[in-house]
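Have a look at the structure below, then the notes.
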Amino acid sequence: PEPDPAVTTEQAAATEGAIPSAETPAATAEAAVTTPTETRAAALADAPRVPIKTQRLEGTISLLGGRIDDLMLSDYRVSLAKDAPIVTMLSPVGSDAAYYAMYGWAAGNGVTPDDVPNANTEWAVESGTTLTAENPIILVWENGKGLKFRRTIAVDDEYMFTISQSVENATDAAVSMAPYGLIRRHGEPKELKNFFILHEGLIGVFGQDGLSEVDYDDVIEDGDVSQESKAGGWLGITDKYWAAVLVPPQDAAFKGRFSENKSGRTETFQADYLLDGVSIPAGGSSSVSSQIFAGAKVVNIVDAYDEAGIFKLDLLIDWGWFYFLTKPLFIGLDFFAGLTGNFGISILIITVLIKLVFFPLANRSYEAMSKMKKLQPEMEKLREKYKDDKMKQQQELMELYKKEKVNPLAGCLPILIQIPVFFSLYKVLFVTIEMRHAPFFGWIQDLSAPDPTTIFNLFGLIPWDPPSFLMLGVWPILMGFTMFVQMKMNPAPADPMQQKIFAWMPLIFTFVLAGFPAGLVIYWAWNNFLSVLQQGVIMRRNGVKIELFNNLGLDKFLGKKEADDQTKS
């Protein structure tokens, strides 16, 4: 009789490399090499290899285990230095930060774990010499008992590999086995910062159950996380700008798992999936095709794979809760950057467009502020009249607001409107690789990094590197100045405590935002400048005096009339 094609979890775990747990042979097989023992170059030399060379990728495939374990991203360098090495994506076992993908078959009925390829299997090259976008390679291995395994590996012009596995059964009995795929990383990435606005770690989409994000700490503390998909989805490991993701056949059910294993002094983190078992009759064959994305999370590339049929792959990029704002904002920035050739200029253009969209609301807000300015004398009389009865004072002020149809909170609207836009732009600058190392002008060579200058060494004239909390660059100072000017255009609050808060706020924001991406600070400074112009025009149109020079105390030096003339100009 034909064996049951279903492969149990125990059978799958018994196959080296296939969804192992701490007690299985697969987990212990690499324990000796979990702690780095070699340089990367030495580890690469431990096994015969097939080269990979495309317009975006370079590296090798190990014939030992058939691993994809040596991959570098030709378009990206680790820093802005011209001689900086290109980014390393995957690395072999034995090297520092080993990180690789592997495929295989989990043994079912009629076969033992030794009858199927595993981590120590040395494959032979049947076809191809170098893996390119035009030329796939074919690997082959025979178990000496009538089973012949082939693995065809292809890659496109971007970052997607296609892995086609087949098995031919030349025995006189049917066998069953199940295809699997895994991505394994030895240790947490050194550059992991655990930013609260960005997920880095294990990630996947499991059909209609949607997105699953598991931090490294969570899988260490809580143990394995298993999920199933009836059809559609993917799983893998993501960093801030890069990701390695397994893509099972999108029309097939699969069992996925995130796990952690402590071997020696280092954890290994793994994302893996197991497809349903298949029965291969005597003299028959079976094959399955799956994919793996390994590369940079470029928005247009990831979206194109999503549109091509990989279910919700666009969620690989962490757009956050404000997805409905964040992604459209990026699309706009990317569009204008394409026209101008500069993301910094694109930020300036988008800021103007945002101001135009919210112009009617901001207009009403500034008009309400202007009316409040006109009411200042009457408000001061009421405060003086009822200075000993605060409740009565508030009642009379509210009556005055109601009579003059003024909303005292209207002045907060421009700031409230800016908050979600500010956060969305921060998210775009922080998570999208398009912003990484994107220059503006002058000293700003990376809009996603803080302004590198500081006033505390006279912007580089003094050969001294101040500590990080004293990094106060040109753009944060400009931002603080424009915020100070905007506040001084309005009359000072009557409450002394509020006066102190408003007086210190520009300085506090200057230091706080100094550590934020330069692109965000440029946006805020430019937005403040436009707000000052807009508010000035509206105040003059409503016949309201702009208090700028008087609030700055310049009337004492310029004289009352001259200060007023300077304000009007």
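Residues in the structure tokens are numbered from 1 in each chain, the chains being A, B, ... in the order shown, and ligands are numbered from 1 in the order shown.
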Exercise. Hey, what's within 6 Å of region 505-518 of chain A if we count only C-alpha atoms and toss same-chain stuff fewer than 6 positions away? As a PyMOL selection string, please?
Worked result: chain A and resi 447-451+472+476+480+483-484
Just-selected residues, N, CA, C and O atoms written as a compact mmCIF listing (two decimals), in the first residue's frame:
# COMPACT_ATOMS: atom_id res chain seq x y z
N LEU A 447 20.31 62.51 4.72
CA LEU A 447 19.11 63.09 5.31
C LEU A 447 18.54 62.22 6.42
O LEU A 447 17.75 62.70 7.24
N SER A 448 18.91 60.95 6.48
CA SER A 448 18.40 60.06 7.51
C SER A 448 19.24 60.10 8.78
O SER A 448 18.90 59.45 9.77
N ALA A 449 20.34 60.85 8.77
CA ALA A 449 21.23 60.97 9.93
C ALA A 449 21.17 62.39 10.48
O ALA A 449 20.80 63.33 9.76
N PRO A 450 21.53 62.60 11.74
CA PRO A 450 21.51 63.96 12.30
C PRO A 450 22.50 64.89 11.60
O PRO A 450 23.46 64.43 10.96
N ASP A 451 22.26 66.18 11.70
CA ASP A 451 23.20 67.19 11.21
C ASP A 451 24.56 66.93 11.86
O ASP A 451 24.68 66.93 13.08
N LEU A 472 25.02 70.06 18.26
CA LEU A 472 23.97 71.02 17.93
C LEU A 472 24.35 71.70 16.62
O LEU A 472 25.12 72.65 16.60
N PRO A 476 19.44 72.36 13.24
CA PRO A 476 18.67 72.46 14.48
C PRO A 476 18.62 73.89 15.02
O PRO A 476 17.60 74.32 15.56
N GLY A 480 15.28 76.01 15.66
CA GLY A 480 14.98 76.66 16.93
C GLY A 480 14.72 78.15 16.77
O GLY A 480 13.82 78.72 17.40
N MET A 483 11.29 78.73 15.21
CA MET A 483 10.26 78.45 16.20
C MET A 483 10.16 79.61 17.20
O MET A 483 9.05 80.02 17.60
N PHE A 484 11.31 80.18 17.58
CA PHE A 484 11.36 81.32 18.48
C PHE A 484 10.67 82.54 17.86
O PHE A 484 9.86 83.22 18.50
For this session: Please provide as a PyMOL selection string all residues within 10 Å of region 201-218 of chain A, with the sequence filter that same-chain residues fewer than 6 positions apart are discarded (counting only C-alpha atoms).
Result: chain A and resi 187-189+192+194+224-225+227-240+243-247+250+253-260+267+269-271+311-313+315-316
Seminar exercise, completed: Using only C-alpha atoms, the shortest atom-to-atom distance to Phe149 (chain A) among A:Pro92, A:Val288, A:Pro360, A:Ser74 belongs to A:Val288
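Using only C-alpha atoms, the nearest neighbour of Asp276 (chain A) within the list A:Leu198, A:Ala308, A:Ala178, A:Leu80 is A:Ala178.
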Problem set entry | Best match for closeness to Gln534 (chain A) among A:Pro467, A:Leu356, A:Asn457, A:Ala438, counting only C-alpha atoms | A:Leu356
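Considering the residues A:Trp443, A:Trp123, A:Phe343, A:Tyr523 and counting only C-alpha atoms, Val50 (chain A) has its shortest atom-to-atom contact with A:Trp123.
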Exercise. Could you write out, as a ChimeraX atom specification, all the residues of region 288-355 of chain A that DSSP marks as alpha helix (DSSP H)?
Worked result: /A:299-307,323-340,343-355
Go ahead and write the selection's residues with N, CA, C and O atoms as a short mmCIF file (atom, residue, chain, number, x, y, z; two decimals), in the first residue's frame.
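Contents of the output file part.cif:
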data_model
loop_
_atom_site.label_atom_id
_atom_site.label_comp_id
_atom_site.auth_asym_id
_atom_site.auth_seq_id
_atom_site.Cartn_x
_atom_site.Cartn_y
_atom_site.Cartn_z
N VAL A 299 11.28 50.15 -1.72
CA VAL A 299 9.82 50.18 -1.74
C VAL A 299 9.26 49.71 -3.08
O VAL A 299 8.37 48.84 -3.13
N ASN A 300 9.76 50.26 -4.17
CA ASN A 300 9.23 49.90 -5.48
C ASN A 300 9.45 48.42 -5.81
O ASN A 300 8.59 47.77 -6.43
N ILE A 301 10.58 47.88 -5.38
CA ILE A 301 10.88 46.47 -5.64
C ILE A 301 9.97 45.56 -4.83
O ILE A 301 9.37 44.62 -5.34
N VAL A 302 9.84 45.86 -3.54
CA VAL A 302 8.98 45.05 -2.67
C VAL A 302 7.53 45.12 -3.14
O VAL A 302 6.83 44.11 -3.19
N ASP A 303 7.06 46.32 -3.49
CA ASP A 303 5.68 46.47 -3.97
C ASP A 303 5.45 45.69 -5.26
O ASP A 303 4.37 45.14 -5.48
N ALA A 304 6.47 45.66 -6.12
CA ALA A 304 6.33 44.94 -7.40
C ALA A 304 6.16 43.44 -7.15
O ALA A 304 5.34 42.78 -7.80
N TYR A 305 6.90 42.88 -6.17
CA TYR A 305 6.74 41.46 -5.83
C TYR A 305 5.36 41.20 -5.23
O TYR A 305 4.74 40.18 -5.49
N ASP A 306 4.89 42.16 -4.42
CA ASP A 306 3.56 42.04 -3.85
C ASP A 306 2.50 41.99 -4.95
O ASP A 306 1.61 41.15 -4.95
N GLU A 307 2.63 42.89 -5.91
CA GLU A 307 1.67 42.94 -7.03
C GLU A 307 1.78 41.71 -7.93
O GLU A 307 0.80 41.33 -8.58
N TYR A 323 0.08 54.21 8.47
CA TYR A 323 0.30 53.69 7.11
C TYR A 323 -0.39 54.57 6.06
O TYR A 323 0.18 54.86 5.00
N PHE A 324 -1.62 55.00 6.37
CA PHE A 324 -2.41 55.79 5.42
C PHE A 324 -1.80 57.17 5.17
O PHE A 324 -2.13 57.83 4.18
N LEU A 325 -0.90 57.62 6.04
CA LEU A 325 -0.17 58.87 5.82
C LEU A 325 1.27 58.61 5.38
O LEU A 325 1.79 59.29 4.49
N THR A 326 1.89 57.62 6.02
CA THR A 326 3.32 57.39 5.81
C THR A 326 3.65 56.98 4.38
O THR A 326 4.55 57.56 3.76
N LYS A 327 2.93 55.99 3.86
CA LYS A 327 3.26 55.54 2.51
C LYS A 327 2.93 56.57 1.44
O LYS A 327 3.74 56.82 0.54
N PRO A 328 1.74 57.23 1.47
CA PRO A 328 1.50 58.31 0.49
C PRO A 328 2.54 59.42 0.58
O PRO A 328 2.94 59.99 -0.44
N LEU A 329 2.98 59.73 1.81
CA LEU A 329 4.02 60.75 1.97
C LEU A 329 5.30 60.31 1.29
O LEU A 329 5.96 61.10 0.58
N PHE A 330 5.68 59.03 1.46
CA PHE A 330 6.88 58.53 0.78
C PHE A 330 6.71 58.59 -0.73
O PHE A 330 7.65 58.97 -1.45
N ILE A 331 5.54 58.18 -1.23
CA ILE A 331 5.31 58.19 -2.68
C ILE A 331 5.49 59.60 -3.23
O ILE A 331 6.11 59.80 -4.28
N GLY A 332 4.96 60.60 -2.50
CA GLY A 332 5.14 61.99 -2.92
C GLY A 332 6.59 62.42 -2.90
O GLY A 332 7.09 63.05 -3.84
N LEU A 333 7.28 62.07 -1.82
CA LEU A 333 8.70 62.43 -1.72
C LEU A 333 9.52 61.75 -2.82
O LEU A 333 10.39 62.39 -3.43
N ASP A 334 9.23 60.50 -3.09
CA ASP A 334 9.96 59.76 -4.11
C ASP A 334 9.69 60.35 -5.50
O ASP A 334 10.60 60.44 -6.33
N PHE A 335 8.45 60.78 -5.74
CA PHE A 335 8.10 61.37 -7.03
C PHE A 335 8.87 62.67 -7.27
O PHE A 335 9.50 62.84 -8.33
N PHE A 336 8.86 63.57 -6.31
CA PHE A 336 9.54 64.85 -6.49
C PHE A 336 11.07 64.69 -6.46
O PHE A 336 11.78 65.47 -7.10
N ALA A 337 11.54 63.69 -5.71
CA ALA A 337 12.99 63.41 -5.74
C ALA A 337 13.39 62.93 -7.13
O ALA A 337 14.49 63.25 -7.61
N GLY A 338 12.51 62.18 -7.78
CA GLY A 338 12.78 61.74 -9.14
C GLY A 338 12.84 62.91 -10.12
O GLY A 338 13.62 62.89 -11.08
N LEU A 339 12.03 63.93 -9.87
CA LEU A 339 12.02 65.12 -10.75
C LEU A 339 13.21 66.02 -10.49
O LEU A 339 13.77 66.60 -11.43
N THR A 340 13.56 66.19 -9.22
CA THR A 340 14.59 67.16 -8.85
C THR A 340 15.96 66.52 -8.64
O THR A 340 16.97 67.22 -8.64
N PHE A 343 16.31 64.43 -2.53
CA PHE A 343 15.24 64.21 -1.56
C PHE A 343 15.05 65.42 -0.65
O PHE A 343 13.95 65.63 -0.12
N GLY A 344 16.11 66.20 -0.40
CA GLY A 344 15.98 67.39 0.42
C GLY A 344 15.06 68.41 -0.22
O GLY A 344 14.17 68.98 0.44
N ILE A 345 15.25 68.65 -1.51
CA ILE A 345 14.36 69.57 -2.24
C ILE A 345 12.95 69.01 -2.25
O ILE A 345 11.96 69.76 -2.12
N SER A 346 12.85 67.69 -2.38
CA SER A 346 11.53 67.05 -2.36
C SER A 346 10.82 67.32 -1.03
O SER A 346 9.60 67.57 -1.01
N ILE A 347 11.55 67.29 0.08
CA ILE A 347 10.96 67.60 1.38
C ILE A 347 10.42 69.02 1.41
O ILE A 347 9.33 69.29 1.93
N LEU A 348 11.18 69.97 0.84
CA LEU A 348 10.73 71.36 0.80
C LEU A 348 9.45 71.50 -0.01
O LEU A 348 8.52 72.22 0.38
N ILE A 349 9.39 70.81 -1.14
CA ILE A 349 8.20 70.88 -2.00
C ILE A 349 6.99 70.27 -1.30
O ILE A 349 5.89 70.85 -1.30
N ILE A 350 7.18 69.11 -0.71
CA ILE A 350 6.07 68.44 -0.02
C ILE A 350 5.57 69.30 1.13
O ILE A 350 4.35 69.37 1.39
N THR A 351 6.47 69.99 1.83
CA THR A 351 6.06 70.86 2.93
C THR A 351 5.14 71.97 2.43
O THR A 351 4.12 72.28 3.06
N VAL A 352 5.49 72.57 1.29
CA VAL A 352 4.65 73.63 0.70
C VAL A 352 3.28 73.05 0.34
O VAL A 352 2.24 73.68 0.60
N LEU A 353 3.25 71.86 -0.25
CA LEU A 353 1.97 71.25 -0.63
C LEU A 353 1.11 70.94 0.60
O LEU A 353 -0.12 71.12 0.57
N ILE A 354 1.76 70.47 1.67
CA ILE A 354 1.01 70.20 2.91
C ILE A 354 0.43 71.50 3.47
O ILE A 354 -0.72 71.54 3.91
N LYS A 355 1.21 72.58 3.41
CA LYS A 355 0.72 73.88 3.87
C LYS A 355 -0.48 74.33 3.05
O LYS A 355 -1.44 74.91 3.58
#
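The environment of Pro48 (chain A) within 12 Å, counting only C-alpha atoms and disregarding residues fewer than 3 places along the same chain, consists of A:Ala43, A:Leu44, A:Ala45, A:Pro51, A:Thr60, A:Ile61, A:Ser62, A:Leu63, A:Leu64, A:Gly65, A:Gly66, A:Arg67, A:Thr121, A:Glu122, A:Trp123, A:Ala124, A:Val125.
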For this session: Apply DSSP to the backbone of this structure and, from region 52-194 of chain A, keep only the residues in strand (DSSP E); write these as a VMD selection string.
Result: chain A and resid 52 to 53 57 to 62 68 to 77 86 to 90 99 to 107 124 to 127 137 to 142 147 to 155 160 to 169 175 to 186
Using 8 Å as the limit and counting only C-alpha atoms, can you tabulate each residue of region 172-267 of chain A that touches region 109-118 of chain A, with its shortest atom-to-atom distance in Å and the two atoms involved, as a Markdown table?
| residue | atom | partner | partner_atom | distance |
| --- | --- | --- | --- | --- |
| A:Ala173 | CA | A:Gly110 | CA | 7.8 |
| A:Ala174 | CA | A:Gly110 | CA | 7.1 |
| A:Val175 | CA | A:Gly110 | CA | 4.8 |
| A:Ser176 | CA | A:Asn109 | CA | 5.3 |
| A:Met177 | CA | A:Asn109 | CA | 7.1 |
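Checking A:Gly473, A:Gly295, A:Pro179, A:Gly284 one by one against Asp70 (chain A), counting only C-alpha atoms, you find the shortest gap at A:Gly295.
The nearest approach to Ser91 (chain A) among the residues A:Leu533, A:Ile455, A:Ile183, A:Ile197, with only C-alpha atoms taken into account, belongs to A:Ile183.
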Problem set entry | Gap from CA of Trp524 (chain A) to CA of Pro452 (chain A) - Å, one decimal | 17.4 Å
